[in-house]
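**Student:** My file is coords35.txt. It has compact mmCIF, C-alpha atoms:
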# COMPACT_ATOMS: atom_id res chain seq x y z
CA ALA N 16 136.27 38.04 103.16
CA ASN N 17 134.05 34.92 103.04
CA ARG N 18 130.49 36.15 102.59
CA GLU N 19 128.88 33.36 104.59
CA LEU N 20 131.17 34.02 107.54
CA ALA N 21 130.58 37.78 107.25
CA ALA N 22 126.81 37.16 107.40
CA ALA N 23 127.26 34.88 110.42
CA ARG N 24 129.23 37.55 112.23
CA LEU N 25 126.25 39.89 111.92
CA ASP N 26 124.40 37.51 114.24
CA LEU N 27 126.79 38.71 116.92
CA GLU N 28 125.53 42.28 116.52
CA ARG N 29 121.96 41.02 116.68
CA GLY N 30 122.77 39.14 119.89
CA ARG N 31 124.23 42.26 121.45
CA ALA N 32 121.11 44.19 120.51
CA ARG N 33 118.95 41.51 122.17
CA LEU N 34 121.10 41.73 125.28
CA ARG N 35 120.64 45.49 125.39
CA GLN N 36 116.88 45.07 124.98
CA ALA N 37 116.74 42.45 127.73
CA GLY N 38 118.20 44.90 130.24
CA LEU N 39 115.62 47.62 129.64
CA ARG N 40 112.99 48.24 132.31
CA PRO N 41 109.26 48.43 131.44
CA ASN N 42 107.91 51.84 130.54
CA PRO N 43 105.52 53.71 132.88
CA THR N 44 102.00 54.51 131.69
CA LEU N 45 100.45 57.99 131.74
CA ASP N 46 96.67 58.02 132.17
CA PHE N 47 94.42 61.03 131.53
CA GLU N 48 90.63 61.04 131.91
CA HIS N 49 88.06 63.86 131.69
CA THR N 50 84.39 63.33 132.56
CA THR N 51 81.61 65.85 131.79
CA GLY N 52 77.87 65.91 132.34
CA ARG N 53 77.22 68.41 129.54
CA LEU N 54 75.83 65.72 127.24
CA THR N 55 73.53 64.30 129.91
CA GLY N 56 71.94 67.50 131.17
CA SER N 57 74.38 68.23 134.00
CA PRO N 58 76.66 70.88 132.51
CA ASP N 59 78.13 71.84 135.87
CA GLU N 60 79.35 68.30 136.62
CA ARG N 61 82.86 67.49 135.38
CA GLU N 62 85.84 65.50 136.62
CA THR N 63 89.49 65.41 135.52
CA SER N 64 92.03 62.74 136.48
CA VAL N 65 95.76 62.51 135.71
CA GLY N 66 97.67 59.47 136.86
CA MET N 67 100.76 57.35 136.27
CA ALA N 68 101.22 53.57 136.52
CA LEU N 69 104.54 51.72 136.74
CA PRO N 70 104.87 47.95 136.20
CA ILE N 71 107.10 46.27 138.78
CA GLU N 72 109.07 43.19 137.68
CA VAL N 73 109.06 40.70 140.49
CA GLY N 74 110.82 37.39 140.83
CA GLY N 75 114.04 38.69 139.29
CA ARG N 76 112.47 38.64 135.83
CA ARG N 77 114.72 41.31 134.35
CA GLN N 78 117.93 39.67 135.58
CA HIS N 79 116.81 36.31 134.19
CA ARG N 80 116.15 37.95 130.82
CA ILE N 81 119.68 39.35 130.88
CA ASP N 82 121.07 35.92 131.80
CA VAL N 83 119.28 34.28 128.85
CA ALA N 84 120.45 36.96 126.39
CA THR N 85 124.02 36.72 127.72
CA ALA N 86 124.01 32.93 127.33
CA GLU N 87 122.62 33.20 123.80
CA LEU N 88 125.31 35.74 122.92
CA ALA N 89 128.00 33.33 124.12
CA VAL N 90 126.45 30.60 121.94
CA ILE N 91 126.60 32.89 118.91
CA GLU N 92 130.26 33.67 119.54
CA ALA N 93 131.04 29.95 119.77
CA GLU N 94 129.05 29.24 116.60
CA ILE N 95 131.08 31.84 114.71
CA ALA N 96 134.30 30.28 115.99
CA ASN N 97 133.02 26.88 114.84
CA ARG N 98 132.21 28.27 111.39
CA GLU N 99 135.73 29.69 111.20
CA ARG N 100 137.08 26.24 112.08
CA GLN N 101 134.99 24.64 109.35
CA LEU N 102 135.98 27.28 106.80
CA ALA N 103 139.67 26.81 107.57
CA ARG N 104 139.25 23.08 107.04
CA GLU N 105 137.46 23.64 103.71
CA VAL N 106 140.18 26.00 102.49
CA LEU N 107 142.96 23.60 103.48
CA ALA N 108 141.15 20.65 101.89
CA ALA N 109 140.72 22.57 98.63
CA TYR N 110 144.38 23.58 98.83
CA VAL N 111 145.43 19.93 99.19
CA ASP N 112 143.24 19.00 96.20
CA ALA N 113 144.90 21.70 94.13
CA ILE N 114 148.43 20.71 95.17
CA ALA N 115 147.71 17.03 94.45
CA ALA N 116 146.34 17.85 91.00
CA ILE N 117 149.33 20.09 90.26
CA ARG N 118 151.73 17.34 91.31
CA GLU N 119 149.93 14.81 89.13
CA LEU N 120 150.04 17.25 86.24
CA GLU N 121 153.79 17.70 86.71
CA THR N 122 154.28 13.92 86.69
CA THR N 123 152.24 13.60 83.51
CA ASP N 124 154.18 16.45 81.87
CA ARG N 125 157.46 14.77 82.74
CA LEU N 126 156.36 11.50 81.19
CA HIS N 127 155.07 13.38 78.16
CA GLN N 128 158.46 15.00 77.66
CA LEU N 129 160.15 11.61 77.95
CA ASP N 130 157.74 10.20 75.39
CA ASP N 131 158.52 13.06 73.01
CA GLN N 132 162.20 12.26 73.35
CA MET N 133 161.47 8.56 72.93
CA ALA N 134 159.44 9.28 69.80
CA GLN N 135 162.50 10.79 68.14
CA VAL N 136 164.48 7.62 68.90
CA VAL N 137 161.69 5.38 67.57
CA ARG N 138 161.25 7.51 64.47
CA THR N 139 164.96 7.24 63.76
CA ARG N 140 164.85 3.46 64.14
CA VAL N 141 161.81 3.22 61.88
CA ASP N 142 163.52 5.34 59.24
CA GLU N 143 166.55 3.08 59.45
CA LYS N 144 164.33 -0.01 59.08
CA ASP N 145 165.46 -1.09 62.52
CA ALA N 146 161.92 -1.08 63.96
CA PRO N 147 158.45 -1.58 62.49
CA PRO N 148 156.20 1.49 61.97
CA LEU N 149 153.75 -0.03 64.45
CA GLU N 150 156.08 0.83 67.31
CA LEU N 151 155.99 4.50 66.37
CA SER N 152 152.20 4.34 66.10
CA LEU N 153 151.91 2.74 69.53
CA LEU N 154 154.12 5.37 71.11
CA LEU N 155 152.24 8.24 69.45
CA THR N 156 149.00 6.73 70.77
CA GLU N 157 150.50 6.76 74.25
CA VAL N 158 151.50 10.41 73.79
CA ALA N 159 147.94 11.26 72.73
CA ARG N 160 146.60 9.44 75.78
CA LEU N 161 148.87 11.51 78.01
CA ASP N 162 147.62 14.67 76.27
CA ALA N 163 144.04 13.71 77.11
CA ARG N 164 145.03 12.99 80.68
CA ARG N 165 146.77 16.35 80.97
CA ALA N 166 143.60 18.11 79.82
CA LEU N 167 141.53 16.35 82.49
CA ILE N 168 144.05 17.14 85.23
CA ARG N 169 144.18 20.81 84.20
CA GLY N 170 140.42 20.89 84.66
CA ARG N 171 140.82 19.51 88.19
CA VAL N 172 143.46 22.12 88.98
CA ASP N 173 141.25 24.94 87.71
CA ALA N 174 138.25 23.61 89.65
CA ALA N 175 140.27 23.43 92.88
CA LEU N 176 141.56 26.98 92.40
CA ILE N 177 138.04 28.25 91.73
CA THR N 178 136.87 26.54 94.92
CA ILE N 179 139.66 28.22 96.88
CA GLY N 180 138.75 31.61 95.41
CA GLN N 181 135.11 31.14 96.37
CA LEU N 182 136.01 30.11 99.93
CA ILE N 183 138.40 33.00 100.56
CA GLY N 184 135.93 35.55 99.22
CA ALA N 185 137.69 36.27 95.92
CA PRO N 186 135.52 34.45 93.33
CA GLN N 187 136.36 36.91 90.56
CA GLU N 188 140.13 36.72 90.99
CA ARG N 189 142.53 34.18 89.55
CA VAL N 190 144.07 32.28 92.42
CA THR N 191 147.63 31.04 91.94
CA LEU N 192 149.69 28.73 94.13
CA ARG N 193 153.44 28.84 94.48
CA SER N 194 155.20 25.51 94.15
CA THR N 195 157.55 24.52 96.93
CA PRO N 196 159.71 21.42 97.38
CA ALA N 197 159.00 21.37 101.12
CA PRO N 198 156.04 19.36 102.45
CA LEU N 199 153.00 21.13 103.77
CA ASP N 200 153.63 22.32 107.30
CA MET N 201 150.66 21.13 109.29
CA GLY N 202 152.06 21.96 112.72
CA PRO N 203 152.31 19.66 115.75
CA ILE N 204 149.56 17.15 116.46
CA PRO N 205 148.95 14.86 119.46
CA THR N 206 150.78 11.56 119.42
CA THR N 207 147.88 9.42 120.71
CA VAL N 208 144.17 9.21 120.03
CA GLU N 209 143.39 9.73 123.71
CA ALA N 210 145.36 12.97 123.83
CA ALA N 211 143.71 14.16 120.63
CA VAL N 212 140.23 13.42 121.96
CA ALA N 213 140.97 15.20 125.24
CA MET N 214 142.22 18.24 123.33
CA ALA N 215 139.16 18.22 121.07
CA LEU N 216 136.70 18.06 123.96
CA GLU N 217 138.50 20.95 125.61
CA GLN N 218 138.93 23.39 122.76
CA ARG N 219 136.69 22.45 119.83
CA ALA N 220 134.16 25.16 119.06
CA ASP N 221 131.12 23.00 118.34
CA VAL N 222 131.57 21.28 121.72
CA THR N 223 131.60 24.74 123.28
CA VAL N 224 128.43 25.58 121.33
CA ALA N 225 126.69 22.47 122.68
CA ARG N 226 127.72 23.16 126.27
CA LEU N 227 126.76 26.83 126.11
CA SER N 228 123.42 25.90 124.51
CA GLU N 229 122.72 23.68 127.48
CA GLN N 230 123.52 26.54 129.84
CA ALA N 231 121.28 28.87 127.82
CA ALA N 232 118.45 26.33 128.07
CA LYS N 233 118.84 26.21 131.84
CA ALA N 234 118.72 30.02 131.94
CA GLY N 235 115.49 29.77 129.93
CA VAL N 236 114.01 27.54 132.64
CA ARG N 237 114.77 30.15 135.28
CA LEU N 238 113.21 32.86 133.12
CA ALA N 239 110.06 30.77 132.58
CA ARG N 240 109.73 30.33 136.35
CA ALA N 241 110.15 34.07 136.88
CA ASP N 242 107.51 34.81 134.23
CA ALA N 243 105.07 32.73 136.29
CA TRP N 244 105.04 35.41 139.00
CA PRO N 245 101.93 37.65 138.83
CA ASP N 246 102.17 41.04 137.18
CA VAL N 247 102.34 43.90 139.68
CA THR N 248 101.59 47.54 138.81
CA VAL N 249 101.67 50.50 141.19
CA SER N 250 99.86 53.72 140.33
CA ALA N 251 99.24 57.26 141.55
CA ALA N 252 96.59 59.73 140.34
CA TYR N 253 95.41 63.29 140.92
CA ARG N 254 91.72 64.00 140.46
CA THR N 255 89.57 67.14 140.49
CA ASN N 256 85.77 67.01 140.68
CA ARG N 257 83.64 70.08 140.08
CA GLY N 258 79.87 70.21 140.68
CA LEU N 259 77.14 71.95 142.74
CA SER N 260 76.96 71.62 146.49
CA GLU N 261 73.84 69.90 147.81
CA LEU N 262 71.84 72.37 149.90
CA PRO N 263 68.26 72.20 151.15
CA ASN N 264 67.28 74.93 148.71
CA PRO N 265 68.37 74.03 145.19
CA LEU N 266 68.12 77.65 144.15
CA ALA N 267 70.94 78.45 146.54
CA ALA N 268 73.36 75.79 145.23
CA VAL N 269 76.95 76.97 144.80
CA PRO N 270 79.85 75.44 142.89
CA ASP N 271 81.86 72.86 144.82
CA THR N 272 85.36 71.55 143.84
CA ASP N 273 87.08 68.48 145.30
CA GLN N 274 90.77 67.66 144.86
CA VAL N 275 92.09 64.22 145.77
CA VAL N 276 95.27 62.17 145.33
CA ALA N 277 94.88 58.42 144.92
CA PHE N 278 97.44 55.60 145.22
CA GLY N 279 96.91 52.02 144.21
CA ALA N 280 98.37 48.74 143.12
CA SER N 281 97.15 45.96 140.89
CA VAL N 282 98.25 42.35 141.14
CA GLY N 283 97.40 39.69 138.61
CA LEU N 284 95.77 36.60 140.02
CA PRO N 285 97.38 33.49 138.56
CA PHE N 286 94.29 31.32 138.66
CA PHE N 287 94.52 29.98 135.11
CA ASN N 288 97.78 31.05 133.47
CA LYS N 289 100.76 30.06 135.59
CA ASN N 290 103.09 29.89 132.58
CA GLN N 291 102.76 26.10 132.69
CA GLY N 292 103.36 25.59 128.98
CA ALA N 293 106.44 27.82 128.82
CA ARG N 294 107.96 26.14 131.87
CA ALA N 295 107.37 22.67 130.41
CA GLU N 296 108.84 23.74 127.09
CA ALA N 297 111.91 25.18 128.81
CA ALA N 298 112.45 21.94 130.73
CA ILE N 299 112.24 19.94 127.50
CA ALA N 300 114.73 22.34 125.88
CA VAL N 301 117.24 21.50 128.61
CA ARG N 302 116.89 17.78 127.95
CA GLN N 303 117.18 18.40 124.23
CA ALA N 304 120.34 20.49 124.66
CA ARG N 305 121.84 17.79 126.91
CA LEU N 306 121.22 15.09 124.29
CA ARG N 307 122.74 17.27 121.57
CA ARG N 308 125.80 17.92 123.71
CA GLU N 309 126.27 14.21 124.30
CA LEU N 310 125.85 13.53 120.57
CA THR N 311 128.37 16.24 119.71
CA GLU N 312 130.92 14.78 122.11
CA GLN N 313 130.40 11.30 120.63
CA THR N 314 130.79 12.69 117.12
CA VAL N 315 133.98 14.48 118.10
CA ARG N 316 135.49 11.28 119.49
CA ALA N 317 134.62 9.40 116.30
CA GLU N 318 135.99 12.15 114.01
CA VAL N 319 139.25 12.37 115.92
CA ALA N 320 139.77 8.61 115.95
CA SER N 321 138.90 8.32 112.25
CA ALA N 322 141.25 11.11 111.17
CA PHE N 323 144.02 9.77 113.40
CA ARG N 324 143.78 6.27 111.90
CA ARG N 325 143.64 7.67 108.37
CA ALA N 326 146.77 9.73 108.97
CA GLU N 327 148.61 6.70 110.35
CA ALA N 328 147.56 4.47 107.44
CA ALA N 329 148.50 7.08 104.85
CA GLN N 330 151.89 7.59 106.48
CA SER N 331 152.54 3.84 106.35
CA ALA N 332 151.61 3.80 102.67
CA LEU N 333 153.90 6.76 101.96
CA THR N 334 156.80 5.02 103.69
CA LEU N 335 156.31 1.90 101.55
CA PHE N 336 156.09 3.95 98.36
CA GLU N 337 159.19 5.97 99.18
CA GLN N 338 161.28 2.99 100.26
CA GLY N 339 160.24 0.30 97.83
CA VAL N 340 158.28 1.62 94.86
CA LEU N 341 159.20 5.05 93.51
CA GLY N 342 162.95 4.61 93.27
CA ARG N 343 162.71 1.19 91.69
CA SER N 344 160.06 2.33 89.22
CA ASP N 345 162.23 5.23 88.04
CA ASP N 346 165.22 2.91 87.71
CA ASN N 347 163.18 0.35 85.80
CA ILE N 348 161.87 2.80 83.23
CA ARG N 349 165.29 4.37 82.77
CA ILE N 350 166.91 0.96 82.22
CA MET N 351 164.17 -0.17 79.83
CA ARG N 352 164.43 2.99 77.74
CA ALA N 353 168.18 2.51 77.45
CA ALA N 354 167.71 -1.15 76.61
CA TYR N 355 165.16 -0.28 73.94
CA GLU N 356 167.63 2.02 72.27
CA LEU N 357 169.99 -0.96 72.16
CA GLY N 358 167.24 -3.11 70.63
CA GLU N 359 166.75 -5.41 73.58
CA PHE N 360 163.07 -4.52 74.27
CA ARG N 361 160.01 -3.76 72.26
CA ILE N 362 158.23 -0.43 72.54
CA THR N 363 155.20 -2.15 74.06
CA ASP N 364 157.39 -3.27 76.95
CA VAL N 365 158.53 0.30 77.51
CA ILE N 366 154.96 1.64 77.32
CA THR N 367 153.74 -0.99 79.77
CA GLU N 368 156.46 -0.14 82.25
CA GLN N 369 155.80 3.57 81.77
CA ARG N 370 152.16 3.02 82.65
CA ARG N 371 153.26 1.21 85.78
CA VAL N 372 155.40 4.21 86.70
CA LEU N 373 152.49 6.56 86.05
CA GLU N 374 150.17 4.44 88.18
CA ALA N 375 152.75 4.31 90.96
CA GLN N 376 153.11 8.10 90.88
CA GLN N 377 149.34 8.50 90.89
CA GLU N 378 148.99 6.17 93.85
CA TYR N 379 151.79 7.95 95.68
CA THR N 380 150.15 11.31 95.02
CA ALA N 381 146.84 9.90 96.25
CA ALA N 382 148.52 8.61 99.43
CA LEU N 383 150.27 11.93 99.93
CA ALA N 384 147.02 13.84 99.46
CA GLU N 385 145.21 11.44 101.79
CA ARG N 386 147.91 12.00 104.42
CA TYR N 387 147.46 15.76 104.29
CA ARG N 388 143.66 15.53 104.12
CA ALA N 389 143.73 13.33 107.21
CA LEU N 390 145.99 15.83 108.97
CA VAL N 391 143.67 18.67 107.97
CA ASP N 392 140.67 16.73 109.27
CA LEU N 393 142.56 15.80 112.44
CA ARG N 394 143.52 19.39 113.19
CA ALA N 395 139.96 20.47 112.49
CA ALA N 396 138.67 17.64 114.67
CA ILE N 397 140.76 18.71 117.64
CA GLY N 398 139.95 22.37 117.04
CA ALA N 399 143.52 23.42 116.23
Could you quickly redo this structure as structure tokens?

**Tutor:**
Amino acid sequence: ANRELAAARLDLERGRARLRQAGLRPNPTLDFEHTTGRLTGSPDERETSVGMALPIEVGGRRQHRIDVATAELAVIEAEIANRERQLAREVLAAYVDAIAAIRELETTDRLHQLDDQMAQVVRTRVDEKDAPPLELSLLLTEVARLDARRALIRGRVDAALITIGQLIGAPQERVTLRSTPAPLDMGPIPTTVEAAVAMALEQRADVTVARLSEQAAKAGVRLARADAWPDVTVSAAYRTNRGLSELPNPLAAVPDTDQVVAFGASVGLPFFNKNQGARAEAAIAVRQARLRRELTEQTVRAEVASAFRRAEAAQSALTLFEQGVLGRSDDNIRIMRAAYELGEFRITDVITEQRRVLEAQQEYTAALAERYRALVDLRAAIGA
């Protein structure tokens, strides 16, 4: 339903129309001519000619036109496949952004609920003169800060959902995402950079576009050479000529009618125009397509290697967070809250530790999102 992709797919219909046009033969020409001497004082002199001329395509010109149109059609098909690959990547990237923002919002909501519960404890202690009013003020400031943060994160969630709706062709609909405890299933990926690069060069659509464009350019060279052949036209005509027979005595002249059939052929003489410019341009187009193919292959190698390294680094960061940060942070804040209720810590200590927990969760969410973005980019880079 993506409008841009739908418009791109119409190029396929245009390519098919060009292919159909390339296979058509040139039309014959019907010639009719009537000559009369009425206006020049010879009313009995008149001539009528009816003929037909047919251009002949030499040098395999028609077949070369078909080859060029076929190659261009293959390029269009590959370009559409490449646009589909890019669109899938954009949708998945927007999806990851939305999931990351939703996860961050859930973390903030959980801390907000804990702060609300903590505020009741602090308020009770203040009422009992067991804590100064400043502690309640500090905690309420922290709650207000979390409220502001929640508002910003909700804006990010809404923006990501709007982006998804625009990409999937439903800009007027409200997109919703179902929460799931399971990680995003990204499917299998190659285990080494070399395998990933080999897969990308084999199946990625923009590499196919570059290679097919080079083949189309070579077909254009062959067509330019065929267009250098001279134009050949064969013709046939039927003529009638009516006049007066030439006799010694003009007063005895009698009408005379001649009927003839003529055949002929015309061949262009390539003295000046040998299609030199078109042939040179076609040769340059081949070199240009070759350079673009080589650049595309280099870009693919770089994109695959970059995404692969990013995925590895993000996975290492996730392992460190899961093994040594998240669990300890949750334990620390739980212990400090309990200790505060027993009067062993100040509220500022609890707030400081809570901010550490929030930062750790944010960094973990960022690492998680980076891991999935890298996987999305890696799968897009290898054309999966």

**Student:** Env of N:Val222: 12 Å cut, atoms = all atoms listed in the file, seq-sep filter 2 positions within chain, self excluded. Answer as an MDAnalysis selection string.

**Tutor:** chainID N and resid 90 93:94 96:97 212:220 224:229 304:305 307:316 396:398

**Student:** Can you tell me how far atom CA of N:Arg100 sits from atom CA of N:Asp112, in Å to one decimal?

**Tutor:** 18.5 Å

**Student:** Excluding N:Ser152 and residues on its chain fewer than 2 positions from it, collect all residues at most 12 Å away from it, counting all atoms listed in the file, and give them as a PyMOL selection string.

**Tutor:** chain N and resi 134+137-138+141+146-150+154-159+362-363+366

**Student:** For N:Leu161, which of N:Arg189, N:Arg370, N:Arg118, N:Arg18 is the closest residue, counting all atoms listed in the file?

**Tutor:**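 When distances to N:Leu161 are compared using all atoms listed in the file, the smallest one comes from N:Arg370.
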
**Student:** So which one's closest to N:Arg76, N:Arg257, N:His127, N:Arg352, N:Arg40? Using only C-alpha atoms, please.

**Tutor:** N:Arg40

**Student:** Counting all atoms listed in the file, which of N:Arg125, N:Arg371, N:Arg169, N:Arg29 gets nearest to N:Ser344?

**Tutor:** N:Arg371

**Student:** For N:Leu20, which residue among N:Glu99, N:Asp59, N:Asp273, N:Asp392 is the nearest when counting all atoms listed in the file?

**Tutor:**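 Of the candidates, the smallest distance to N:Leu20 is held by N:Glu99.
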
**Student:** I'd like the contact shell of N:Gly283 - 9 Å cut-off, only C-alpha atoms, skipping same-chain residues fewer than 4 positions apart - returned as a PyMOL selection string.

**Tutor:** chain N and resi 244-248

**Student:** Name the residues in contact with N:Thr206 at a cut-off of 12 Å, using only C-alpha atoms, excluding same-chain residues fewer than 5 positions from it; report them as a PDB file with C-alpha atoms, in the frame of the given file.

**Tutor:**
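File produced: part.pdb:
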ATOM      1  CA  ALA N 211     143.710  14.160 120.630  1.00  0.00           C
ATOM      2  CA  VAL N 212     140.230  13.420 121.960  1.00  0.00           C
ATOM      3  CA  ALA N 213     140.970  15.200 125.240  1.00  0.00           C
ATOM      4  CA  MET N 214     142.220  18.240 123.330  1.00  0.00           C
ATOM      5  CA  ALA N 320     139.770   8.610 115.950  1.00  0.00           C
ATOM      6  CA  PHE N 323     144.020   9.770 113.400  1.00  0.00           C
ATOM      7  CA  ARG N 324     143.780   6.270 111.900  1.00  0.00           C
ATOM      8  CA  ALA N 326     146.770   9.730 108.970  1.00  0.00           C
ATOM      9  CA  GLU N 327     148.610   6.700 110.350  1.00  0.00           C
ATOM     10  CA  LEU N 393     142.560  15.800 112.440  1.00  0.00           C
TER      11      LEU N 393
END

**Student:** So, with only C-alpha atoms as the atoms that count, which of N:Ala322, N:Phe47, N:Arg35, N:Ala241 lies closest to N:His79?

**Tutor:** N:Ala241

**Student:** Got a sec to check which residues sit within 10 Å of (96.1, 48.2, 145.6), counting all atoms listed in the file, and write them as a PyMOL selection string?

**Tutor:** chain N and resi 247-250+278-282

**Student:** Which residue is closest to N:Leu45? Choose from N:Ala300, N:Ala252, N:Ala108, N:Arg386 and count all atoms listed in the file.

**Tutor:** N:Ala252

**Student:** How many Å lie between atom CA of N:Gly52 and atom CA of N:Ala68, rounded to one decimal?

**Tutor:** 26.7 Å

**Student:** For atom CA of N:Leu335 and atom CA of N:Ala175, quote the distance in Å rounded to one decimal.

**Tutor:**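 Here the two named atoms are 28.2 Å from each other.
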
**Student:** Do a neighbour search on N:Glu62 at 7 Å with only C-alpha atoms, toss out local chain neighbours closer than 5 positions, and write the hits as a PyMOL selection string.

**Tutor:** chain N and resi 49-51+255-257
